[in-house]
file structure_2.csv (CSV, N, CA and C atoms)
chain,number,residue,atom,x,y,z
A,8,MET,N,25.8,-2.2,-14.0
A,8,MET,CA,24.4,-2.0,-14.3
A,8,MET,C,24.1,-0.6,-14.5
A,9,GLY,N,23.3,-0.2,-15.5
A,9,GLY,CA,22.9,1.2,-15.7
A,9,GLY,C,21.7,1.6,-14.9
A,10,ASP,N,21.3,2.9,-15.1
A,10,ASP,CA,20.2,3.4,-14.4
A,10,ASP,C,18.9,2.7,-14.8
A,11,THR,N,18.8,2.3,-16.1
A,11,THR,CA,17.6,1.6,-16.5
A,11,THR,C,17.2,0.4,-15.7
A,12,TYR,N,18.2,-0.4,-15.3
A,12,TYR,CA,18.0,-1.6,-14.5
A,12,TYR,C,17.6,-1.3,-13.1
A,13,GLU,N,17.9,-0.1,-12.6
A,13,GLU,CA,17.6,0.2,-11.2
A,13,GLU,C,16.1,0.2,-11.0
A,14,GLU,N,15.3,0.6,-12.0
A,14,GLU,CA,13.9,0.7,-11.9
A,14,GLU,C,13.2,-0.6,-12.1
A,15,ILE,N,13.8,-1.6,-12.7
A,15,ILE,CA,13.2,-2.9,-13.1
A,15,ILE,C,13.9,-3.9,-12.2
A,16,PRO,N,13.1,-4.6,-11.3
A,16,PRO,CA,13.7,-5.7,-10.5
A,16,PRO,C,14.3,-6.7,-11.4
A,17,ARG,N,15.5,-7.0,-11.2
A,17,ARG,CA,16.3,-8.0,-12.0
A,17,ARG,C,15.8,-9.4,-11.7
A,18,VAL,N,15.4,-9.6,-10.5
A,18,VAL,CA,15.0,-11.0,-10.0
A,18,VAL,C,13.8,-10.9,-9.1
A,19,GLU,N,12.9,-11.8,-9.3
A,19,GLU,CA,11.6,-11.8,-8.5
A,19,GLU,C,11.4,-13.2,-8.0
A,20,LEU,N,10.3,-13.4,-7.2
A,20,LEU,CA,9.9,-14.7,-6.7
A,20,LEU,C,8.5,-15.0,-7.1
A,21,THR,N,8.2,-16.2,-7.3
A,21,THR,CA,6.8,-16.6,-7.4
A,21,THR,C,6.3,-16.8,-6.0
A,22,PRO,N,5.0,-16.8,-5.8
A,22,PRO,CA,4.4,-17.1,-4.5
A,22,PRO,C,4.9,-18.4,-3.9
A,23,GLY,N,5.0,-19.4,-4.7
A,23,GLY,CA,5.5,-20.7,-4.2
A,23,GLY,C,6.9,-20.7,-3.7
A,24,ALA,N,7.8,-20.0,-4.4
A,24,ALA,CA,9.2,-19.8,-4.0
A,24,ALA,C,9.3,-19.0,-2.7
A,25,ALA,N,8.4,-18.0,-2.6
A,25,ALA,CA,8.4,-17.2,-1.4
A,25,ALA,C,8.0,-18.0,-0.2
A,26,LEU,N,7.0,-18.9,-0.4
A,26,LEU,CA,6.5,-19.7,0.7
A,26,LEU,C,7.6,-20.7,1.1
A,27,LEU,N,8.3,-21.3,0.2
A,27,LEU,CA,9.4,-22.2,0.5
A,27,LEU,C,10.5,-21.5,1.2
A,28,LEU,N,10.8,-20.3,0.8
A,28,LEU,CA,11.9,-19.5,1.4
A,28,LEU,C,11.5,-19.2,2.9
A,29,ARG,N,10.3,-18.9,3.2
A,29,ARG,CA,9.8,-18.7,4.5
A,29,ARG,C,10.1,-19.9,5.4
A,30,ARG,N,9.7,-21.1,4.9
A,30,ARG,CA,10.0,-22.4,5.6
A,30,ARG,C,11.5,-22.6,5.8
A,31,LEU,N,12.3,-22.4,4.7
A,31,LEU,CA,13.7,-22.6,4.8
A,31,LEU,C,14.4,-21.6,5.8
A,32,SER,N,13.9,-20.4,5.8
A,32,SER,CA,14.4,-19.4,6.7
A,32,SER,C,14.1,-19.7,8.2
A,33,GLU,N,12.9,-20.2,8.4
A,33,GLU,CA,12.6,-20.7,9.8
A,33,GLU,C,13.5,-21.8,10.3
A,34,ALA,N,13.9,-22.7,9.4
A,34,ALA,CA,14.8,-23.8,9.7
A,34,ALA,C,16.3,-23.4,9.7
A,35,HIS,N,16.7,-22.5,8.8
A,35,HIS,CA,18.1,-22.3,8.6
A,35,HIS,C,18.6,-20.8,8.9
A,36,GLY,N,17.7,-19.9,9.2
A,36,GLY,CA,18.1,-18.5,9.4
A,36,GLY,C,18.2,-17.8,8.1
A,37,PRO,N,19.0,-16.7,8.0
A,37,PRO,CA,19.1,-15.9,6.8
A,37,PRO,C,19.6,-16.7,5.6
A,38,LEU,N,19.1,-16.4,4.4
A,38,LEU,CA,19.4,-17.2,3.2
A,38,LEU,C,20.0,-16.3,2.1
A,39,MET,N,20.6,-17.0,1.2
A,39,MET,CA,21.1,-16.4,-0.1
A,39,MET,C,20.9,-17.4,-1.2
A,40,PHE,N,20.9,-16.8,-2.4
A,40,PHE,CA,21.0,-17.6,-3.7
A,40,PHE,C,22.3,-17.3,-4.4
A,41,HIS,N,22.8,-18.3,-5.1
A,41,HIS,CA,23.8,-18.1,-6.0
A,41,HIS,C,23.5,-19.0,-7.3
A,42,GLN,N,23.7,-18.4,-8.4
A,42,GLN,CA,23.5,-19.1,-9.7
A,42,GLN,C,24.8,-19.0,-10.5
A,43,SER,N,25.4,-20.2,-10.7
A,43,SER,CA,26.6,-20.2,-11.5
A,43,SER,C,26.2,-20.5,-13.0
A,44,GLY,N,27.2,-20.7,-13.8
A,44,GLY,CA,27.0,-21.0,-15.2
A,44,GLY,C,27.3,-22.4,-15.6
A,45,GLY,N,27.3,-23.3,-14.6
A,45,GLY,CA,27.6,-24.7,-14.9
A,45,GLY,C,26.5,-25.4,-15.5
A,46,CYS,N,26.8,-26.7,-15.8
A,46,CYS,CA,25.7,-27.6,-16.4
A,46,CYS,C,24.9,-28.2,-15.3
A,47,CYS,N,23.8,-28.8,-15.7
A,47,CYS,CA,22.9,-29.5,-14.8
A,47,CYS,C,22.5,-28.6,-13.6
A,48,ASP,N,22.7,-29.1,-12.4
A,48,ASP,CA,22.3,-28.3,-11.2
A,48,ASP,C,23.1,-27.0,-11.1
A,49,GLY,N,24.3,-26.9,-11.7
A,49,GLY,CA,25.0,-25.7,-11.7
A,49,GLY,C,24.3,-24.5,-12.4
A,50,SER,N,23.3,-24.8,-13.2
A,50,SER,CA,22.6,-23.7,-13.9
A,50,SER,C,21.3,-23.4,-13.2
A,51,ALA,N,21.1,-24.0,-12.1
A,51,ALA,CA,19.9,-23.7,-11.3
A,51,ALA,C,20.3,-22.8,-10.1
A,52,PRO,N,19.4,-22.0,-9.6
A,52,PRO,CA,19.8,-21.2,-8.4
A,52,PRO,C,19.9,-22.1,-7.2
A,53,MET,N,21.0,-21.9,-6.5
A,53,MET,CA,21.2,-22.7,-5.3
A,53,MET,C,21.0,-21.9,-4.1
A,54,CYS,N,20.3,-22.4,-3.1
A,54,CYS,CA,19.9,-21.7,-1.9
A,54,CYS,C,20.8,-22.2,-0.8
A,55,TYR,N,21.4,-21.2,-0.1
A,55,TYR,CA,22.3,-21.5,1.0
A,55,TYR,C,22.0,-20.7,2.2
A,56,PRO,N,22.5,-21.1,3.4
A,56,PRO,CA,22.5,-20.1,4.5
A,56,PRO,C,23.3,-18.9,4.1
A,57,ALA,N,22.8,-17.7,4.5
A,57,ALA,CA,23.6,-16.5,4.1
A,57,ALA,C,25.0,-16.6,4.5
A,58,GLY,N,25.9,-16.2,3.6
A,58,GLY,CA,27.3,-16.2,3.8
A,58,GLY,C,28.0,-17.6,3.7
A,59,GLU,N,27.3,-18.7,3.5
A,59,GLU,CA,27.9,-20.0,3.4
A,59,GLU,C,28.6,-20.1,2.0
A,60,PHE,N,28.1,-19.5,1.0
A,60,PHE,CA,28.7,-19.5,-0.3
A,60,PHE,C,29.5,-18.3,-0.4
A,61,ARG,N,30.8,-18.4,-0.7
A,61,ARG,CA,31.7,-17.2,-0.7
A,61,ARG,C,31.6,-16.6,-2.1
A,62,THR,N,31.2,-15.3,-2.1
A,62,THR,CA,31.1,-14.6,-3.4
A,62,THR,C,32.4,-13.7,-3.5
A,63,GLY,N,32.7,-13.3,-4.7
A,63,GLY,CA,33.8,-12.5,-4.9
A,63,GLY,C,33.7,-11.6,-6.2
A,64,ALA,N,34.8,-11.2,-6.7
A,64,ALA,CA,34.8,-10.3,-7.9
A,64,ALA,C,34.2,-11.0,-9.1
A,65,SER,N,34.1,-12.3,-9.1
A,65,SER,CA,33.6,-13.0,-10.3
A,65,SER,C,32.0,-13.2,-10.2
A,66,ASP,N,31.4,-12.5,-9.2
A,66,ASP,CA,30.0,-12.6,-8.9
A,66,ASP,C,29.3,-11.3,-9.0
A,67,VAL,N,28.0,-11.2,-9.3
A,67,VAL,CA,27.3,-10.0,-9.4
A,67,VAL,C,26.1,-10.2,-8.5
A,68,LEU,N,25.8,-9.2,-7.6
A,68,LEU,CA,24.6,-9.2,-6.8
A,68,LEU,C,23.5,-8.6,-7.6
A,69,LEU,N,22.5,-9.4,-8.0
A,69,LEU,CA,21.4,-9.0,-8.8
A,69,LEU,C,20.3,-8.3,-8.0
A,70,GLY,N,20.1,-8.7,-6.8
A,70,GLY,CA,19.1,-8.1,-6.0
A,70,GLY,C,19.0,-8.7,-4.6
A,71,GLU,N,18.2,-8.0,-3.8
A,71,GLU,CA,17.9,-8.5,-2.4
A,71,GLU,C,16.4,-8.7,-2.4
A,72,LEU,N,16.0,-9.9,-2.3
A,72,LEU,CA,14.6,-10.3,-2.4
A,72,LEU,C,13.9,-10.1,-1.0
A,73,ALA,N,12.9,-9.3,-1.0
A,73,ALA,CA,12.1,-9.2,0.2
A,73,ALA,C,11.0,-10.3,0.2
A,74,VAL,N,11.0,-11.0,1.3
A,74,VAL,CA,10.0,-12.1,1.4
A,74,VAL,C,9.2,-11.8,2.7
A,75,ASP,N,7.8,-11.8,2.5
A,75,ASP,CA,7.0,-11.6,3.7
A,75,ASP,C,7.2,-12.6,4.7
A,76,GLY,N,7.4,-12.2,5.9
A,76,GLY,CA,7.6,-13.2,7.0
A,76,GLY,C,9.1,-13.5,7.2
A,77,VAL,N,10.0,-13.0,6.4
A,77,VAL,CA,11.4,-13.2,6.6
A,77,VAL,C,12.1,-11.9,6.9
A,78,ALA,N,12.7,-11.8,8.0
A,78,ALA,CA,13.3,-10.5,8.4
A,78,ALA,C,14.4,-9.9,7.5
A,79,GLU,N,15.3,-10.8,7.1
A,79,GLU,CA,16.4,-10.3,6.3
A,79,GLU,C,16.1,-10.6,4.8
A,80,PRO,N,16.5,-9.6,3.9
A,80,PRO,CA,16.4,-9.9,2.5
A,80,PRO,C,17.3,-11.0,2.1
A,81,VAL,N,16.8,-11.7,1.0
A,81,VAL,CA,17.5,-12.9,0.5
A,81,VAL,C,18.3,-12.4,-0.7
A,82,GLU,N,19.7,-12.3,-0.6
A,82,GLU,CA,20.5,-11.9,-1.7
A,82,GLU,C,20.5,-12.9,-2.8
A,83,PHE,N,20.5,-12.4,-4.0
A,83,PHE,CA,20.6,-13.3,-5.2
A,83,PHE,C,21.8,-12.9,-6.0
A,84,TRP,N,22.8,-13.8,-6.0
A,84,TRP,CA,24.1,-13.6,-6.7
A,84,TRP,C,24.1,-14.5,-7.9
A,85,MET,N,24.9,-14.0,-8.9
A,85,MET,CA,25.1,-14.8,-10.1
A,85,MET,C,26.5,-14.6,-10.6
A,86,SER,N,27.1,-15.7,-11.1
A,86,SER,CA,28.4,-15.5,-11.6
A,86,SER,C,28.4,-14.5,-12.7
A,87,ARG,N,29.5,-13.7,-12.8
A,87,ARG,CA,29.6,-12.7,-13.8
A,87,ARG,C,29.4,-13.2,-15.3
A,88,SER,N,30.0,-14.4,-15.6
A,88,SER,CA,29.8,-14.9,-16.9
A,88,SER,C,28.4,-15.2,-17.2
A,89,GLN,N,27.7,-15.8,-16.2
A,89,GLN,CA,26.2,-16.0,-16.4
A,89,GLN,C,25.5,-14.7,-16.6
A,90,TYR,N,25.8,-13.7,-15.8
A,90,TYR,CA,25.2,-12.4,-15.8
A,90,TYR,C,25.3,-11.8,-17.2
A,91,GLU,N,26.5,-11.9,-17.8
A,91,GLU,CA,26.7,-11.3,-19.1
A,91,GLU,C,25.8,-12.0,-20.2
A,92,ALA,N,25.6,-13.3,-20.0
A,92,ALA,CA,24.7,-14.0,-20.9
A,92,ALA,C,23.2,-13.6,-20.7
A,93,TRP,N,22.8,-13.3,-19.5
A,93,TRP,CA,21.4,-13.0,-19.1
A,93,TRP,C,21.2,-11.6,-18.8
A,94,SER,N,22.1,-10.7,-19.2
A,94,SER,CA,22.0,-9.3,-18.8
A,94,SER,C,20.7,-8.6,-19.3
A,95,HIS,N,20.0,-9.1,-20.3
A,95,HIS,CA,18.8,-8.4,-20.8
A,95,HIS,C,17.6,-9.2,-20.4
A,96,THR,N,17.6,-9.9,-19.3
A,96,THR,CA,16.5,-10.7,-18.9
A,96,THR,C,16.0,-10.3,-17.5
A,97,ARG,N,14.8,-10.5,-17.2
A,97,ARG,CA,14.2,-10.4,-15.9
A,97,ARG,C,14.1,-11.9,-15.4
A,98,LEU,N,14.6,-12.2,-14.3
A,98,LEU,CA,14.5,-13.6,-13.8
A,98,LEU,C,13.5,-13.7,-12.7
A,99,THR,N,12.8,-14.8,-12.7
A,99,THR,CA,11.8,-15.2,-11.7
A,99,THR,C,12.2,-16.5,-11.1
A,100,VAL,N,12.4,-16.5,-9.8
A,100,VAL,CA,12.7,-17.8,-9.1
A,100,VAL,C,11.4,-18.5,-8.8
A,101,ASP,N,11.3,-19.7,-9.2
A,101,ASP,CA,10.2,-20.5,-9.1
A,101,ASP,C,10.6,-21.8,-8.4
A,102,VAL,N,9.6,-22.6,-8.0
A,102,VAL,CA,9.9,-23.9,-7.3
A,102,VAL,C,9.0,-25.0,-8.0
A,103,VAL,N,9.6,-26.1,-8.3
A,103,VAL,CA,8.9,-27.2,-9.0
A,103,VAL,C,9.2,-28.5,-8.3
A,104,PRO,N,8.3,-29.5,-8.4
A,104,PRO,CA,8.6,-30.8,-7.9
A,104,PRO,C,9.9,-31.4,-8.5
A,105,GLY,N,10.6,-32.2,-7.7
A,105,GLY,CA,11.8,-32.8,-8.2
A,105,GLY,C,12.9,-32.6,-7.3
A,106,ARG,N,14.0,-33.3,-7.5
A,106,ARG,CA,15.1,-33.2,-6.6
A,106,ARG,C,16.2,-32.4,-7.3
A,107,GLY,N,16.7,-31.4,-6.6
A,107,GLY,CA,17.8,-30.6,-7.1
A,107,GLY,C,19.1,-31.1,-6.5
A,108,SER,N,20.0,-30.2,-6.4
A,108,SER,CA,21.3,-30.5,-5.9
A,108,SER,C,21.2,-30.8,-4.4
A,109,GLY,N,22.0,-31.7,-3.9
A,109,GLY,CA,22.1,-32.0,-2.5
A,109,GLY,C,22.7,-30.9,-1.7
A,110,PHE,N,23.3,-29.9,-2.4
A,110,PHE,CA,23.9,-28.7,-1.7
A,110,PHE,C,22.9,-27.6,-1.4
A,111,SER,N,21.8,-27.6,-2.2
A,111,SER,CA,20.8,-26.5,-2.0
A,111,SER,C,19.9,-26.9,-0.9
A,112,LEU,N,19.5,-25.9,-0.1
A,112,LEU,CA,18.7,-26.2,1.1
A,112,LEU,C,17.3,-26.9,0.8
A,113,GLU,N,16.8,-26.7,-0.4
A,113,GLU,CA,15.4,-27.2,-0.6
A,113,GLU,C,15.5,-28.7,-1.0
A,114,ALA,N,16.6,-29.3,-1.3
A,114,ALA,CA,16.7,-30.6,-1.7
A,114,ALA,C,16.0,-31.6,-0.9
A,115,PRO,N,16.0,-31.6,0.4
A,115,PRO,CA,15.3,-32.6,1.2
A,115,PRO,C,13.7,-32.4,1.1
A,116,GLU,N,13.3,-31.3,0.6
A,116,GLU,CA,11.9,-31.0,0.5
A,116,GLU,C,11.2,-31.7,-0.7
A,117,GLY,N,12.0,-32.3,-1.5
A,117,GLY,CA,11.4,-33.0,-2.7
A,117,GLY,C,11.0,-32.0,-3.8
A,118,VAL,N,11.6,-30.8,-3.7
A,118,VAL,CA,11.3,-29.8,-4.8
A,118,VAL,C,12.7,-29.1,-5.1
A,119,ARG,N,12.7,-28.3,-6.1
A,119,ARG,CA,13.9,-27.6,-6.5
A,119,ARG,C,13.5,-26.2,-7.0
A,120,PHE,N,14.4,-25.3,-6.8
A,120,PHE,CA,14.3,-23.9,-7.3
A,120,PHE,C,14.7,-24.0,-8.8
A,121,LEU,N,14.1,-23.2,-9.6
A,121,LEU,CA,14.5,-23.0,-11.0
A,121,LEU,C,14.3,-21.5,-11.4
A,122,ILE,N,14.9,-21.1,-12.5
A,122,ILE,CA,14.8,-19.8,-13.0
A,122,ILE,C,14.0,-19.8,-14.2
A,123,ARG,N,13.0,-18.9,-14.3
A,123,ARG,CA,12.3,-18.6,-15.5
A,123,ARG,C,12.7,-17.2,-15.9
A,124,SER,N,12.9,-17.0,-17.2
A,124,SER,CA,13.4,-15.7,-17.6
A,124,SER,C,12.6,-15.1,-18.8
A,125,ARG,N,12.6,-13.8,-18.9
A,125,ARG,CA,12.0,-13.2,-20.0
A,125,ARG,C,12.9,-11.9,-20.3
A,126,VAL,N,12.9,-11.6,-21.6
A,126,VAL,CA,13.7,-10.5,-22.1
A,126,VAL,C,13.1,-9.2,-21.7
A,127,ILE,N,13.9,-8.2,-21.2
A,127,ILE,CA,13.5,-6.9,-20.9
A,127,ILE,C,14.1,-5.9,-21.9
A,128,ASP,N,13.3,-4.8,-22.2
A,128,ASP,CA,13.8,-3.8,-23.1
A,128,ASP,C,14.7,-2.8,-22.3
A,129,ASP,N,15.7,-2.3,-23.0
A,129,ASP,CA,16.5,-1.2,-22.4
A,129,ASP,C,15.7,0.1,-22.3

call {"tool": "encode", "arguments": {"input": "structure_2.csv", "output": "C-alpha cells"}}
result
Amino acid sequence: MGDTYEEIPRVELTPGAALLLRRLSEAHGPLMFHQSGGCCDGSAPMCYPAGEFRTGASDVLLGELAVDGVAEPVEFWMSRSQYEAWSHTRLTVDVVPGRGSGFSLEAPEGVRFLIRSRVIDD
C-alpha cells in the first residue's frame, strides 16, 4: 500500500455495524473480520473472535476499526487475491437483515455483515 492510502481509511463501519460489533464484543471479547474471495458467504466479511481465524502471507490487514465502547480495535483482514481486485475501493462494513454464515458471530442475531464499496481516486 502506498502513501496515498494511508490518508484514506480503506475500511469503515456504518453506525448499525458499529452497534452490532459492540454487542458481539460484549459477548465474545475482542473481534476481527476476514474477507476471502470465495463465493456466497465467502465473499462476505466474516466476524470472528480475535485470533480465531489464522491469517498469513496470503492475507492483507486493511485496517483496525475503532468502535466506540469497544476497548480493542477490530482488525479487518482480506485475502490478497481479493485485495488486488478491490485495491482501488473504499469499503464500508454494513449490517442487513438475513442469515449469513454459521461461522460468523452475527449469524444467530438474524442479521449479516456485508461490504459496500466505492471507487477511490489515487

call {"tool": "residues_around", "arguments": {"input": "structure_2.csv", "residues": "Ala57 in chain A", "least_positions_apart": "4", "cutoff": "6.5 Å", "atoms": "all atoms listed in the file", "output": "MDAnalysis selection string"}}
result
chainID A and resid 36:39

call {"tool": "closest_residue", "arguments": {"input": "structure_2.csv", "among": "A:Val103, A:Val67, A:Val18, A:Met53", "to": "Ser88 in chain A", "atoms": "only N, CA and C atoms"}}
result
A:Val67

call {"tool": "residues_around", "arguments": {"input": "structure_2.csv", "residues": "range 107-123 of chain A", "least_positions_apart": "4", "cutoff": "12 Å", "atoms": "only C-alpha atoms", "output": "PyMOL selection string"}}
result
chain A and resi 17-21+23-43+46-57+59-60+83+85+93+96-103

call {"tool": "atom_distance", "arguments": {"input": "structure_2.csv", "atom1": "CA of Pro16 in chain A", "atom2": "CA of Thr62 in chain A"}}
result
20.8 Å

call {"tool": "atom_distance", "arguments": {"input": "structure_2.csv", "atom1": "atom N of Glu91 in chain A", "atom2": "CA of Asp75 in chain A"}}
result
29.0 Å

call {"tool": "atom_distance", "arguments": {"input": "structure_2.csv", "atom1": "CA of Leu68 in chain A", "atom2": "CA of Glu82 in chain A"}}
result
7.1 Å

call {"tool": "select_by_dssp", "arguments": {"input": "structure_2.csv", "residues": "chain A", "states": "helix (DSSP H, G or I)", "output": "PyMOL selection string"}}
result
chain A and resi 10-14+22-35+47-50+87-92+114-116

call {"tool": "select_by_dssp", "arguments": {"input": "structure_2.csv", "residues": "range 24-84 of chain A", "states": "strand (DSSP E)", "output": "ChimeraX atom specification"}}
result
/A:38-42,53-56,66-72,81-84

call {"tool": "decode", "arguments": {"input": "structure_2.csv", "residues": "range 59-82 of chain A", "atoms": "N, CA, C and O atoms", "output": "PDB file, in the first residue's frame"}}
result
ATOM      1  N   GLU A  59      -9.043 -16.101  16.145  1.00  0.00           N
ATOM      2  CA  GLU A  59      -9.625 -17.410  15.835  1.00  0.00           C
ATOM      3  C   GLU A  59      -9.395 -17.801  14.378  1.00  0.00           C
ATOM      4  O   GLU A  59      -9.258 -18.968  14.055  1.00  0.00           O
ATOM      5  N   PHE A  60      -9.384 -16.820  13.490  1.00  0.00           N
ATOM      6  CA  PHE A  60      -9.080 -17.095  12.085  1.00  0.00           C
ATOM      7  C   PHE A  60      -7.597 -16.825  11.892  1.00  0.00           C
ATOM      8  O   PHE A  60      -7.117 -15.729  12.158  1.00  0.00           O
ATOM      9  N   ARG A  61      -6.869 -17.817  11.432  1.00  0.00           N
ATOM     10  CA  ARG A  61      -5.423 -17.656  11.243  1.00  0.00           C
ATOM     11  C   ARG A  61      -5.137 -16.916   9.947  1.00  0.00           C
ATOM     12  O   ARG A  61      -5.567 -17.343   8.879  1.00  0.00           O
ATOM     13  N   THR A  62      -4.435 -15.814  10.061  1.00  0.00           N
ATOM     14  CA  THR A  62      -4.030 -15.048   8.888  1.00  0.00           C
ATOM     15  C   THR A  62      -2.574 -15.364   8.587  1.00  0.00           C
ATOM     16  O   THR A  62      -1.834 -15.823   9.454  1.00  0.00           O
ATOM     17  N   GLY A  63      -2.193 -15.113   7.341  1.00  0.00           N
ATOM     18  CA  GLY A  63      -0.821 -15.402   6.942  1.00  0.00           C
ATOM     19  C   GLY A  63      -0.400 -14.525   5.785  1.00  0.00           C
ATOM     20  O   GLY A  63      -1.003 -13.478   5.519  1.00  0.00           O
ATOM     21  N   ALA A  64       0.602 -14.975   5.056  1.00  0.00           N
ATOM     22  CA  ALA A  64       1.166 -14.206   3.950  1.00  0.00           C
ATOM     23  C   ALA A  64       0.161 -13.991   2.827  1.00  0.00           C
ATOM     24  O   ALA A  64       0.313 -13.073   2.025  1.00  0.00           O
ATOM     25  N   SER A  65      -0.887 -14.792   2.772  1.00  0.00           N
ATOM     26  CA  SER A  65      -1.890 -14.636   1.717  1.00  0.00           C
ATOM     27  C   SER A  65      -2.996 -13.655   2.116  1.00  0.00           C
ATOM     28  O   SER A  65      -3.989 -13.519   1.417  1.00  0.00           O
ATOM     29  N   ASP A  66      -2.822 -12.955   3.240  1.00  0.00           N
ATOM     30  CA  ASP A  66      -3.816 -12.006   3.735  1.00  0.00           C
ATOM     31  C   ASP A  66      -3.209 -10.614   3.889  1.00  0.00           C
ATOM     32  O   ASP A  66      -2.011 -10.471   4.118  1.00  0.00           O
ATOM     33  N   VAL A  67      -4.065  -9.591   3.783  1.00  0.00           N
ATOM     34  CA  VAL A  67      -3.661  -8.196   3.923  1.00  0.00           C
ATOM     35  C   VAL A  67      -4.488  -7.579   5.044  1.00  0.00           C
ATOM     36  O   VAL A  67      -5.716  -7.741   5.068  1.00  0.00           O
ATOM     37  N   LEU A  68      -3.834  -6.872   5.967  1.00  0.00           N
ATOM     38  CA  LEU A  68      -4.542  -6.135   7.010  1.00  0.00           C
ATOM     39  C   LEU A  68      -4.927  -4.776   6.436  1.00  0.00           C
ATOM     40  O   LEU A  68      -4.072  -3.933   6.181  1.00  0.00           O
ATOM     41  N   LEU A  69      -6.225  -4.563   6.197  1.00  0.00           N
ATOM     42  CA  LEU A  69      -6.684  -3.301   5.617  1.00  0.00           C
ATOM     43  C   LEU A  69      -6.806  -2.198   6.646  1.00  0.00           C
ATOM     44  O   LEU A  69      -6.689  -1.031   6.314  1.00  0.00           O
ATOM     45  N   GLY A  70      -7.101  -2.557   7.866  1.00  0.00           N
ATOM     46  CA  GLY A  70      -7.259  -1.528   8.881  1.00  0.00           C
ATOM     47  C   GLY A  70      -7.645  -2.099  10.216  1.00  0.00           C
ATOM     48  O   GLY A  70      -7.966  -3.285  10.348  1.00  0.00           O
ATOM     49  N   GLU A  71      -7.561  -1.221  11.203  1.00  0.00           N
ATOM     50  CA  GLU A  71      -8.000  -1.537  12.553  1.00  0.00           C
ATOM     51  C   GLU A  71      -9.130  -0.578  12.863  1.00  0.00           C
ATOM     52  O   GLU A  71      -8.924   0.640  12.942  1.00  0.00           O
ATOM     53  N   LEU A  72     -10.327  -1.113  12.999  1.00  0.00           N
ATOM     54  CA  LEU A  72     -11.520  -0.299  13.161  1.00  0.00           C
ATOM     55  C   LEU A  72     -11.722   0.076  14.624  1.00  0.00           C
ATOM     56  O   LEU A  72     -11.790  -0.803  15.490  1.00  0.00           O
ATOM     57  N   ALA A  73     -11.828   1.375  14.883  1.00  0.00           N
ATOM     58  CA  ALA A  73     -12.135   1.857  16.227  1.00  0.00           C
ATOM     59  C   ALA A  73     -13.653   1.892  16.365  1.00  0.00           C
ATOM     60  O   ALA A  73     -14.351   2.457  15.521  1.00  0.00           O
ATOM     61  N   VAL A  74     -14.151   1.259  17.405  1.00  0.00           N
ATOM     62  CA  VAL A  74     -15.587   1.202  17.667  1.00  0.00           C
ATOM     63  C   VAL A  74     -15.828   1.785  19.048  1.00  0.00           C
ATOM     64  O   VAL A  74     -15.252   1.300  20.030  1.00  0.00           O
ATOM     65  N   ASP A  75     -16.657   2.837  19.135  1.00  0.00           N
ATOM     66  CA  ASP A  75     -16.982   3.415  20.438  1.00  0.00           C
ATOM     67  C   ASP A  75     -17.531   2.335  21.347  1.00  0.00           C
ATOM     68  O   ASP A  75     -18.402   1.557  20.953  1.00  0.00           O
ATOM     69  N   GLY A  76     -17.007   2.281  22.568  1.00  0.00           N
ATOM     70  CA  GLY A  76     -17.475   1.300  23.535  1.00  0.00           C
ATOM     71  C   GLY A  76     -16.765  -0.036  23.468  1.00  0.00           C
ATOM     72  O   GLY A  76     -17.053  -0.924  24.251  1.00  0.00           O
ATOM     73  N   VAL A  77     -15.829  -0.192  22.517  1.00  0.00           N
ATOM     74  CA  VAL A  77     -15.048  -1.424  22.386  1.00  0.00           C
ATOM     75  C   VAL A  77     -13.588  -1.063  22.619  1.00  0.00           C
ATOM     76  O   VAL A  77     -13.040  -0.204  21.919  1.00  0.00           O
ATOM     77  N   ALA A  78     -12.976  -1.694  23.617  1.00  0.00           N
ATOM     78  CA  ALA A  78     -11.616  -1.324  24.013  1.00  0.00           C
ATOM     79  C   ALA A  78     -10.575  -1.591  22.921  1.00  0.00           C
ATOM     80  O   ALA A  78      -9.721  -0.757  22.655  1.00  0.00           O
ATOM     81  N   GLU A  79     -10.652  -2.750  22.294  1.00  0.00           N
ATOM     82  CA  GLU A  79      -9.649  -3.145  21.312  1.00  0.00           C
ATOM     83  C   GLU A  79     -10.132  -2.821  19.899  1.00  0.00           C
ATOM     84  O   GLU A  79     -11.298  -3.028  19.583  1.00  0.00           O
ATOM     85  N   PRO A  80      -9.228  -2.360  19.026  1.00  0.00           N
ATOM     86  CA  PRO A  80      -9.631  -2.166  17.629  1.00  0.00           C
ATOM     87  C   PRO A  80      -9.988  -3.510  16.994  1.00  0.00           C
ATOM     88  O   PRO A  80      -9.463  -4.552  17.383  1.00  0.00           O
ATOM     89  N   VAL A  81     -10.894  -3.461  16.031  1.00  0.00           N
ATOM     90  CA  VAL A  81     -11.326  -4.657  15.303  1.00  0.00           C
ATOM     91  C   VAL A  81     -10.533  -4.714  14.004  1.00  0.00           C
ATOM     92  O   VAL A  81     -10.709  -3.864  13.134  1.00  0.00           O
ATOM     93  N   GLU A  82      -9.625  -5.675  13.890  1.00  0.00           N
ATOM     94  CA  GLU A  82      -8.816  -5.806  12.674  1.00  0.00           C
ATOM     95  C   GLU A  82      -9.683  -6.292  11.521  1.00  0.00           C
ATOM     96  O   GLU A  82     -10.550  -7.158  11.713  1.00  0.00           O
TER      97      GLU A  82
END
